[in-house]
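Q: So that you have it, the file is model_15.csv, and it contains CSV, C-alpha atoms:
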```csv
chain,number,residue,atom,x,y,z
A,1,MET,CA,160.9,143.9,111.0
A,2,ALA,CA,164.3,143.3,109.6
A,3,THR,CA,167.2,142.7,112.1
A,4,ARG,CA,170.0,145.3,112.2
A,5,SER,CA,173.6,144.7,113.1
A,6,SER,CA,173.2,147.0,116.0
A,7,ASP,CA,170.4,144.8,117.5
A,8,LEU,CA,172.9,142.1,118.6
A,9,LEU,CA,175.2,144.7,120.0
A,10,ARG,CA,172.4,146.2,122.0
A,11,GLN,CA,171.4,142.8,123.4
A,12,ILE,CA,175.0,142.1,124.4
A,13,MET,CA,175.4,145.5,126.1
A,14,VAL,CA,172.2,145.0,128.1
A,15,THR,CA,173.6,141.7,129.3
A,16,VAL,CA,177.0,143.1,130.2
A,17,SER,CA,175.4,146.0,132.0
A,18,LEU,CA,173.3,143.6,134.1
A,19,VAL,CA,176.4,141.7,135.2
A,20,VAL,CA,178.0,145.0,136.2
A,21,CYS,CA,174.9,146.0,138.0
A,22,ILE,CA,174.7,142.7,139.9
A,23,VAL,CA,178.3,142.9,140.9
A,24,GLY,CA,177.8,146.4,142.1
A,25,SER,CA,174.8,145.4,144.2
A,26,MET,CA,176.9,142.6,145.7
A,27,ILE,CA,179.5,145.1,146.7
A,28,GLY,CA,176.7,147.3,148.1
A,29,VAL,CA,175.6,144.6,150.5
A,30,GLY,CA,179.1,143.8,151.7
A,31,VAL,CA,180.0,141.0,149.4
A,32,PHE,CA,183.4,141.1,147.7
A,33,GLY,CA,184.8,143.1,150.6
A,34,GLY,CA,182.5,146.1,150.1
A,35,THR,CA,180.9,148.0,152.9
A,36,PRO,CA,177.1,147.8,153.2
A,37,ILE,CA,175.5,151.0,151.9
A,38,ALA,CA,174.0,151.8,155.3
A,39,GLN,CA,177.5,151.8,156.8
A,40,ALA,CA,179.4,153.4,153.9
A,41,ALA,CA,180.2,157.1,153.9
A,42,GLY,CA,180.1,157.3,157.6
A,43,GLY,CA,176.5,156.0,157.8
A,44,ALA,CA,175.2,159.0,155.8
A,45,LEU,CA,172.6,156.8,154.1
A,46,ALA,CA,171.6,154.8,157.1
A,47,ALA,CA,167.9,154.5,158.0
A,48,ASP,CA,168.3,156.9,160.9
A,49,SER,CA,170.5,159.5,159.1
A,50,THR,CA,167.9,162.1,158.0
A,51,LEU,CA,164.2,162.8,158.1
A,52,LEU,CA,163.8,161.5,154.5
A,53,ALA,CA,165.6,158.2,155.1
A,54,PRO,CA,163.2,155.2,154.7
A,55,ALA,CA,163.2,152.5,157.3
A,56,THR,CA,165.5,149.6,156.6
A,57,PRO,CA,162.9,147.1,155.2
A,58,ALA,CA,162.2,149.5,152.4
A,59,PHE,CA,165.4,148.6,150.6
A,60,SER,CA,164.1,145.0,150.1
A,61,ILE,CA,162.5,146.4,146.9
A,62,TRP,CA,165.9,146.2,145.3
A,63,SER,CA,165.6,142.4,145.2
A,64,VAL,CA,162.5,142.7,143.2
A,65,VAL,CA,164.0,145.4,140.9
A,66,TYR,CA,167.1,143.3,140.2
A,67,THR,CA,165.0,140.2,139.5
A,68,GLY,CA,163.0,142.3,137.1
A,69,LEU,CA,166.1,143.6,135.4
A,70,ALA,CA,167.4,140.0,135.0
A,71,ALA,CA,164.0,139.0,133.5
A,72,PHE,CA,164.2,142.0,131.2
A,73,THR,CA,167.6,140.9,130.0
A,74,VAL,CA,166.4,137.4,129.2
A,75,TRP,CA,163.2,138.8,127.5
A,76,GLN,CA,165.2,141.0,125.2
A,77,TRP,CA,167.1,138.0,123.9
A,78,LEU,CA,164.0,136.3,122.6
A,79,PRO,CA,164.0,136.2,118.8
A,80,SER,CA,160.8,138.2,118.7
A,81,GLN,CA,162.4,141.0,120.6
A,82,ARG,CA,165.7,141.4,118.7
A,83,SER,CA,164.1,143.8,116.2
A,84,SER,CA,161.3,145.0,118.4
A,85,MET,CA,160.9,148.8,118.2
A,86,ARG,CA,160.2,148.9,121.9
A,87,GLN,CA,163.5,147.1,122.6
A,88,ARG,CA,165.3,149.4,120.2
A,89,SER,CA,164.0,152.4,122.0
A,90,LEU,CA,164.6,151.0,125.5
A,91,GLY,CA,167.5,148.6,125.4
A,92,TRP,CA,170.4,151.2,125.4
A,93,ILE,CA,168.6,153.3,128.1
A,94,VAL,CA,168.1,150.4,130.4
A,95,ALA,CA,171.8,149.4,129.9
A,96,VAL,CA,172.9,152.9,130.9
A,97,SER,CA,170.6,152.8,133.9
A,98,MET,CA,172.3,149.6,135.2
A,99,ILE,CA,175.7,151.1,134.7
A,100,LEU,CA,174.7,154.2,136.6
A,101,ASN,CA,173.2,152.0,139.3
A,102,ALA,CA,176.6,150.4,139.8
A,103,ALA,CA,178.4,153.7,139.6
A,104,TRP,CA,176.1,155.1,142.4
A,105,ILE,CA,177.0,152.2,144.7
A,106,LEU,CA,180.8,152.6,144.0
A,107,SER,CA,180.6,156.4,144.6
A,108,VAL,CA,178.9,155.9,148.0
A,109,GLN,CA,181.4,153.2,148.9
A,110,ALA,CA,184.2,155.7,148.2
A,111,GLY,CA,182.5,158.3,150.4
A,112,TRP,CA,181.8,160.7,147.5
A,113,LEU,CA,178.4,161.7,148.5
A,114,LEU,CA,178.2,164.8,146.2
A,115,LEU,CA,179.2,162.7,143.3
A,116,SER,CA,176.6,160.1,144.3
A,117,VAL,CA,173.9,162.8,144.1
A,118,LEU,CA,174.9,163.6,140.5
A,119,VAL,CA,174.9,159.9,139.6
A,120,ILE,CA,171.5,159.2,141.1
A,121,LEU,CA,170.1,162.3,139.4
A,122,ALA,CA,171.4,161.0,136.1
A,123,LEU,CA,169.8,157.6,136.9
A,124,LEU,CA,166.5,159.3,137.6
A,125,MET,CA,166.6,161.2,134.3
A,126,THR,CA,167.5,158.1,132.4
A,127,LEU,CA,164.6,156.2,133.9
A,128,VAL,CA,162.2,159.1,133.2
A,129,LEU,CA,163.3,158.9,129.6
A,130,ALA,CA,162.6,155.2,129.5
A,131,PHE,CA,159.2,155.8,131.1
A,132,LEU,CA,158.3,158.4,128.5
A,133,ARG,CA,159.3,156.0,125.7
A,134,TYR,CA,157.5,152.8,126.9
A,135,SER,CA,154.4,154.9,127.8
A,136,GLN,CA,154.0,155.8,124.1
A,137,SER,CA,153.0,152.2,123.2
A,138,PRO,CA,151.2,149.4,125.0
A,139,ALA,CA,153.0,146.1,125.8
A,140,GLY,CA,152.4,143.4,123.4
A,141,SER,CA,151.4,140.8,126.0
A,142,TRP,CA,150.9,140.6,129.8
A,143,VAL,CA,154.3,139.0,130.1
A,144,GLU,CA,155.9,142.1,128.5
A,145,ALA,CA,153.7,144.3,130.7
A,146,VAL,CA,155.2,142.7,133.8
A,147,VAL,CA,158.8,142.2,132.6
A,148,VAL,CA,159.3,145.5,130.9
A,149,ASP,CA,156.7,148.1,132.1
A,150,GLY,CA,156.5,146.6,135.6
A,151,THR,CA,160.2,146.4,136.1
A,152,LEU,CA,161.0,149.8,134.8
A,153,GLY,CA,158.0,151.3,136.8
A,154,LEU,CA,159.3,149.9,140.0
A,155,TYR,CA,162.8,151.0,139.2
A,156,LEU,CA,161.7,154.6,138.5
A,157,GLY,CA,159.3,154.7,141.4
A,158,TRP,CA,161.9,153.7,144.0
A,159,THR,CA,164.6,155.9,142.5
A,160,SER,CA,162.3,158.9,142.8
A,161,VAL,CA,162.2,158.4,146.6
A,162,ALA,CA,165.8,157.3,146.9
A,163,VAL,CA,167.1,160.5,145.2
A,164,CYS,CA,165.4,162.6,147.9
A,165,ALA,CA,167.1,160.5,150.7
A,166,ASN,CA,170.4,160.7,148.9
A,167,ILE,CA,170.3,164.5,148.5
A,168,ALA,CA,169.2,165.0,152.1
A,169,ALA,CA,172.2,162.8,153.3
A,170,ALA,CA,174.7,164.7,151.1
A,171,LEU,CA,173.4,168.1,152.4
A,172,LYS,CA,173.6,167.0,156.0
A,173,ALA,CA,177.1,165.6,155.5
A,174,SER,CA,178.2,168.9,153.9
A,175,GLY,CA,176.9,170.9,156.9
A,176,PHE,CA,173.9,172.5,155.3
A,177,GLY,CA,172.0,174.5,157.9
A,178,GLY,CA,168.7,174.8,156.0
A,179,PHE,CA,168.9,178.6,155.9
A,180,GLY,CA,167.6,178.8,159.4
A,181,LEU,CA,164.4,176.8,158.7
A,182,ARG,CA,163.4,173.8,160.7
A,183,PRO,CA,164.3,170.4,159.2
A,184,GLU,CA,160.6,169.5,159.0
A,185,VAL,CA,159.9,172.4,156.7
A,186,TRP,CA,162.4,171.0,154.2
A,187,SER,CA,161.3,167.4,154.6
A,188,VAL,CA,157.6,168.3,154.1
A,189,ALA,CA,158.5,170.5,151.1
A,190,VAL,CA,160.4,167.7,149.4
A,191,LEU,CA,157.6,165.2,150.0
A,192,VAL,CA,155.1,167.7,148.4
A,193,VAL,CA,157.4,167.7,145.3
A,194,VAL,CA,157.5,163.9,145.3
A,195,ALA,CA,153.7,163.7,145.5
A,196,VAL,CA,153.3,166.2,142.6
A,197,MET,CA,155.8,164.3,140.6
A,198,GLY,CA,154.1,161.0,141.3
A,199,ILE,CA,150.7,162.3,140.4
A,200,ALA,CA,152.1,163.8,137.1
A,201,LEU,CA,153.7,160.4,136.2
A,202,ALA,CA,150.5,158.6,137.0
A,203,ILE,CA,148.6,160.9,134.6
A,204,LYS,CA,151.3,160.7,131.9
A,205,GLY,CA,151.6,157.0,132.2
A,206,HIS,CA,147.9,156.3,132.2
A,207,GLY,CA,147.9,155.0,135.8
A,208,ARG,CA,150.8,152.6,135.7
A,209,LEU,CA,150.4,150.9,139.1
A,210,ALA,CA,154.0,149.5,139.5
A,211,LEU,CA,155.4,153.0,139.4
A,212,ALA,CA,152.9,154.4,141.9
A,213,ALA,CA,153.3,151.4,144.1
A,214,ALA,CA,157.1,151.8,144.3
A,215,ILE,CA,156.8,155.5,145.2
A,216,ALA,CA,154.1,154.7,147.8
A,217,TRP,CA,156.3,151.9,149.2
A,218,GLY,CA,159.2,154.2,149.7
A,219,LEU,CA,157.1,157.0,151.2
A,220,MET,CA,155.3,154.6,153.6
A,221,TRP,CA,158.7,153.4,155.0
A,222,ILE,CA,159.6,157.0,155.5
A,223,THR,CA,156.4,157.3,157.6
A,224,VAL,CA,157.5,154.2,159.6
A,225,GLY,CA,161.0,155.4,160.0
A,226,ARG,CA,159.9,158.8,161.3
A,227,SER,CA,157.2,157.3,163.6
A,228,ALA,CA,159.1,154.5,165.2
A,229,ASN,CA,162.8,155.3,164.8
A,230,SER,CA,165.2,158.2,165.4
A,231,PRO,CA,165.0,160.9,164.3
A,232,GLU,CA,161.3,161.0,165.0
A,233,SER,CA,159.2,163.6,163.1
A,234,PHE,CA,155.4,163.6,163.2
A,235,PRO,CA,155.0,166.2,160.5
A,236,THR,CA,157.3,164.3,158.1
A,237,ALA,CA,155.6,161.0,158.9
A,238,ILE,CA,152.2,162.4,158.1
A,239,ALA,CA,153.4,164.2,155.0
A,240,ALA,CA,154.9,161.0,153.7
A,241,ALA,CA,151.7,159.0,154.4
A,242,VAL,CA,149.5,161.6,152.7
A,243,ALA,CA,151.9,161.8,149.7
A,244,ALA,CA,151.8,158.0,149.3
A,245,ALA,CA,148.0,157.9,149.4
A,246,LEU,CA,147.8,160.7,146.9
A,247,VAL,CA,150.2,159.1,144.4
A,248,LEU,CA,148.6,155.6,144.7
A,249,GLY,CA,145.1,157.1,144.6
A,250,ALA,CA,145.9,159.1,141.5
A,251,ALA,CA,147.3,156.1,139.7
A,252,ILE,CA,144.2,153.9,140.6
A,253,THR,CA,141.8,156.7,139.5
A,254,VAL,CA,143.6,157.2,136.2
A,255,ARG,CA,143.8,153.5,135.5
A,256,THR,CA,140.1,152.9,136.4
A,257,ARG,CA,139.0,155.7,134.1
A,258,ALA,CA,141.2,154.3,131.3
A,259,VAL,CA,139.7,150.8,131.7
A,260,LEU,CA,136.2,152.2,131.7
A,261,ALA,CA,137.0,154.2,128.6
A,262,GLY,CA,138.2,151.0,126.9
A,263,ARG,CA,141.8,152.2,126.6
```
Could you write out this file's structure as structure tokens?
A:
Amino acid sequence: MATRSSDLLRQIMVTVSLVVCIVGSMIGVGVFGGTPIAQAAGGALAADSTLLAPATPAFSIWSVVYTGLAAFTVWQWLPSQRSSMRQRSLGWIVAVSMILNAAWILSVQAGWLLLSVLVILALLMTLVLAFLRYSQSPAGSWVEAVVVDGTLGLYLGWTSVAVCANIAAALKASGFGGFGLRPEVWSVAVLVVVAVMGIALAIKGHGRLALAAAIAWGLMWITVGRSANSPESFPTAIAAAVAAALVLGAAITVRTRAVLAGR
């Protein structure tokens, strides 16, 4: 396919966005004078802040996501990818997602929790759009399946869980009283929504395991957090574990059926 003048611009913007994203992540872990996310905004996003906050080890998934985004950036520079229709449909979206990632970190650093909710919702919608696009066509090789589909699947899966924790933290900081309902009612309700969303994505994406694994990862660390750390909540812990099993089970089932059907 013929190369367009916009292809080079797209490749450059993806690379610039990666740099911005990495710098933002360094600020988010306390490098360059920034405050670690868990301590920023008065600790609103700490592992013990709300019932939907995952335990601290859950956030190690970001290292895998950032490594994947770096691999994606290198991949899209390959000559074979410059005019790739897949890259043309995904490149700009991935670039926007990385800018939003950095913007989210900076908004939390500034203590603007309500703004951070808007940013992470925009990030979620951006990643869902990317998911809908790359799900339309299979990867050209196993390397592309890992670097592109795998990376973006992990990115979306983890963000799907993170957005819940972010909203819960913002609501708590704003003094939301839950309309008189117990906190567990809200946490379980949110986890039901996450499970439904995860199952729907598993079906739509033909059982993409990276996406389901990232959702299950986040949910299981919510289970750990509410079982072993304050604030403890047995109903929330059980709901998160069940949601994780349902999402992962749905993805495995759909993928198995697709394989058996020869798709």
Q: Between A:Thr151, A:Ser230, A:Thr159, A:Ser17, which is the closest to A:Leu69 once you count all atoms listed in the file?
A: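 Residue with the minimum atom-to-atom distance to A:Leu69: A:Thr151.
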Q: Using only C-alpha atoms, which residues sit within 12 Å of A:Val96 once same-chain residues fewer than 5 positions away are excluded, as a ChimeraX atom specification?
A: /A:10,13-18,20-21,90-91,101-103,119,122-127,129-130
Q: Please identify all polymer residues within 9 Å of A:Leu246, counting only C-alpha atoms, omitting same-chain residues fewer than 5 positions from it, and present them as a count of residues only.
A: 7
Q: Atom CA of A:Ala165 and atom CA of A:Leu114 are how many Å apart?
A: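 Computed distance, atom CA of A:Ala165 to atom CA of A:Leu114, equals 12.7 Å.
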Q: Got a sec: who's within 10 Å of stretch 30-42 of chain A, counting all atoms listed in the file, leaving out chain neighbours fewer than 6 positions off, as a PyMOL selection string?
A: chain A and resi 23-24+48-49+56+105-113+169-170+173
Q: Nearest to A:Thr236: which of A:Thr223, A:Thr67, A:Gln87, A:Ser174 is it, counting only C-alpha atoms?
A: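 Closest candidate: A:Thr223.
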Q: Fewer than 2 positions away in the same chain doesn't count, so skip those; otherwise give me all residues within 10 Å of A:Ile61, counting only C-alpha atoms, as a PDB file with C-alpha atoms, in the frame of the given file.
A:
```
ATOM      1  CA  PRO A  57     162.900 147.100 155.200  1.00  0.00           C
ATOM      2  CA  ALA A  58     162.200 149.500 152.400  1.00  0.00           C
ATOM      3  CA  PHE A  59     165.400 148.600 150.600  1.00  0.00           C
ATOM      4  CA  SER A  63     165.600 142.400 145.200  1.00  0.00           C
ATOM      5  CA  VAL A  64     162.500 142.700 143.200  1.00  0.00           C
ATOM      6  CA  VAL A  65     164.000 145.400 140.900  1.00  0.00           C
ATOM      7  CA  TYR A  66     167.100 143.300 140.200  1.00  0.00           C
ATOM      8  CA  THR A  67     165.000 140.200 139.500  1.00  0.00           C
ATOM      9  CA  LEU A 154     159.300 149.900 140.000  1.00  0.00           C
ATOM     10  CA  TYR A 155     162.800 151.000 139.200  1.00  0.00           C
ATOM     11  CA  TRP A 158     161.900 153.700 144.000  1.00  0.00           C
ATOM     12  CA  ALA A 214     157.100 151.800 144.300  1.00  0.00           C
ATOM     13  CA  TRP A 217     156.300 151.900 149.200  1.00  0.00           C
ATOM     14  CA  GLY A 218     159.200 154.200 149.700  1.00  0.00           C
TER      15      GLY A 218
END
```
Q: In terms of the shortest atom-to-atom distance over all atoms listed in the file, which of A:Glu144, A:Ser60, A:Arg133, A:Trp221 is closest to A:Val161?
A: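 Closest to A:Val161 of all the choices is A:Trp221.
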Q: Measuring between all atoms listed in the file, which one of A:Met220, A:Ala162, A:Ile215, A:Ala202 shows the shortest distance to A:Ala240?
A: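 Checking each of A:Met220, A:Ala162, A:Ile215, A:Ala202 against A:Ala240, counting all atoms listed in the file, the winner is A:Met220.
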Q: Under the rule that all atoms listed in the file are counted, which of A:Leu9, A:Val192, A:Ala47, A:Ile22 is the nearest residue to A:Ala228?
A: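 Looking at the shortest contact to A:Ala228, the residue is A:Ala47.
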Q: Taking 4 positions as the minimum chain separation for residues in the same chain, which residues sit within 8 Å of A:Ile167 when counting only C-alpha atoms? Answer as a PDB file with C-alpha atoms, in the frame of the given file.
A:
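New file part.pdb:
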```pdb
ATOM      1  CA  VAL A 117     173.900 162.800 144.100  1.00  0.00           C
ATOM      2  CA  VAL A 163     167.100 160.500 145.200  1.00  0.00           C
ATOM      3  CA  LEU A 171     173.400 168.100 152.400  1.00  0.00           C
TER       4      LEU A 171
END
```
Q: Kindly give the distance, in Å, that separates atom CA of A:Ser25 and atom CA of A:Gly68, rounded to a single decimal.
A: 14.1 Å
Q: Closest to A:Gly249 among A:Met98, A:Ile203, A:Leu51, A:Ala189, using all atoms listed in the file?
A: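 Closest to A:Gly249, using all atoms listed in the file: A:Ile203.
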Q: One decimal, in Å: what's the spacing between atom CA of A:Glu184 and atom CA of A:Lys172?
A: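 One can read the atom CA of A:Glu184 to atom CA of A:Lys172 distance as 13.6 Å.
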Q: So that I can look at just that part, could you write stretch 91-108 of chain A with N, CA and C atoms, as a PDB file, in the first residue's frame?
A:
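Everything below was put into result37.pdb:
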```pdb
ATOM      1  N   GLY A  91      -2.743   4.206  15.274  1.00  0.00           N
ATOM      2  CA  GLY A  91      -1.632   5.053  15.692  1.00  0.00           C
ATOM      3  C   GLY A  91      -2.040   6.317  16.431  1.00  0.00           C
ATOM      4  N   TRP A  92      -2.930   7.089  15.833  1.00  0.00           N
ATOM      5  CA  TRP A  92      -3.337   8.348  16.448  1.00  0.00           C
ATOM      6  C   TRP A  92      -4.086   8.113  17.761  1.00  0.00           C
ATOM      7  N   ILE A  93      -4.879   7.045  17.806  1.00  0.00           N
ATOM      8  CA  ILE A  93      -5.633   6.739  19.026  1.00  0.00           C
ATOM      9  C   ILE A  93      -4.682   6.379  20.162  1.00  0.00           C
ATOM     10  N   VAL A  94      -3.681   5.568  19.862  1.00  0.00           N
ATOM     11  CA  VAL A  94      -2.707   5.185  20.884  1.00  0.00           C
ATOM     12  C   VAL A  94      -1.938   6.413  21.357  1.00  0.00           C
ATOM     13  N   ALA A  95      -1.598   7.301  20.429  1.00  0.00           N
ATOM     14  CA  ALA A  95      -0.895   8.528  20.798  1.00  0.00           C
ATOM     15  C   ALA A  95      -1.736   9.355  21.765  1.00  0.00           C
ATOM     16  N   VAL A  96      -3.016   9.498  21.463  1.00  0.00           N
ATOM     17  CA  VAL A  96      -3.917  10.255  22.346  1.00  0.00           C
ATOM     18  C   VAL A  96      -4.004   9.597  23.714  1.00  0.00           C
ATOM     19  N   SER A  97      -4.053   8.266  23.738  1.00  0.00           N
ATOM     20  CA  SER A  97      -4.158   7.554  25.019  1.00  0.00           C
ATOM     21  C   SER A  97      -2.940   7.816  25.895  1.00  0.00           C
ATOM     22  N   MET A  98      -1.772   7.897  25.294  1.00  0.00           N
ATOM     23  CA  MET A  98      -0.554   8.140  26.074  1.00  0.00           C
ATOM     24  C   MET A  98      -0.512   9.569  26.608  1.00  0.00           C
ATOM     25  N   ILE A  99      -1.010  10.519  25.835  1.00  0.00           N
ATOM     26  CA  ILE A  99      -1.090  11.900  26.315  1.00  0.00           C
ATOM     27  C   ILE A  99      -2.083  11.991  27.470  1.00  0.00           C
ATOM     28  N   LEU A 100      -3.217  11.315  27.336  1.00  0.00           N
ATOM     29  CA  LEU A 100      -4.217  11.302  28.404  1.00  0.00           C
ATOM     30  C   LEU A 100      -3.668  10.640  29.659  1.00  0.00           C
ATOM     31  N   ASN A 101      -2.848   9.614  29.473  1.00  0.00           N
ATOM     32  CA  ASN A 101      -2.217   8.935  30.604  1.00  0.00           C
ATOM     33  C   ASN A 101      -1.384   9.928  31.416  1.00  0.00           C
ATOM     34  N   ALA A 102      -0.566  10.702  30.711  1.00  0.00           N
ATOM     35  CA  ALA A 102       0.267  11.700  31.385  1.00  0.00           C
ATOM     36  C   ALA A 102      -0.598  12.791  32.015  1.00  0.00           C
ATOM     37  N   ALA A 103      -1.657  13.193  31.311  1.00  0.00           N
ATOM     38  CA  ALA A 103      -2.548  14.236  31.835  1.00  0.00           C
ATOM     39  C   ALA A 103      -3.231  13.772  33.118  1.00  0.00           C
ATOM     40  N   TRP A 104      -3.577  12.470  33.177  1.00  0.00           N
ATOM     41  CA  TRP A 104      -4.200  11.936  34.388  1.00  0.00           C
ATOM     42  C   TRP A 104      -3.241  12.038  35.569  1.00  0.00           C
ATOM     43  N   ILE A 105      -2.003  11.654  35.351  1.00  0.00           N
ATOM     44  CA  ILE A 105      -1.010  11.704  36.435  1.00  0.00           C
ATOM     45  C   ILE A 105      -0.834  13.139  36.929  1.00  0.00           C
ATOM     46  N   LEU A 106      -0.737  14.081  36.006  1.00  0.00           N
ATOM     47  CA  LEU A 106      -0.527  15.476  36.391  1.00  0.00           C
ATOM     48  C   LEU A 106      -1.750  16.035  37.120  1.00  0.00           C
ATOM     49  N   SER A 107      -2.958  15.615  36.714  1.00  0.00           N
ATOM     50  CA  SER A 107      -4.158  16.112  37.394  1.00  0.00           C
ATOM     51  C   SER A 107      -4.226  15.588  38.821  1.00  0.00           C
ATOM     52  N   VAL A 108      -3.812  14.337  39.028  1.00  0.00           N
ATOM     53  CA  VAL A 108      -3.784  13.788  40.385  1.00  0.00           C
ATOM     54  C   VAL A 108      -2.703  14.482  41.206  1.00  0.00           C
TER      55      VAL A 108
END
```
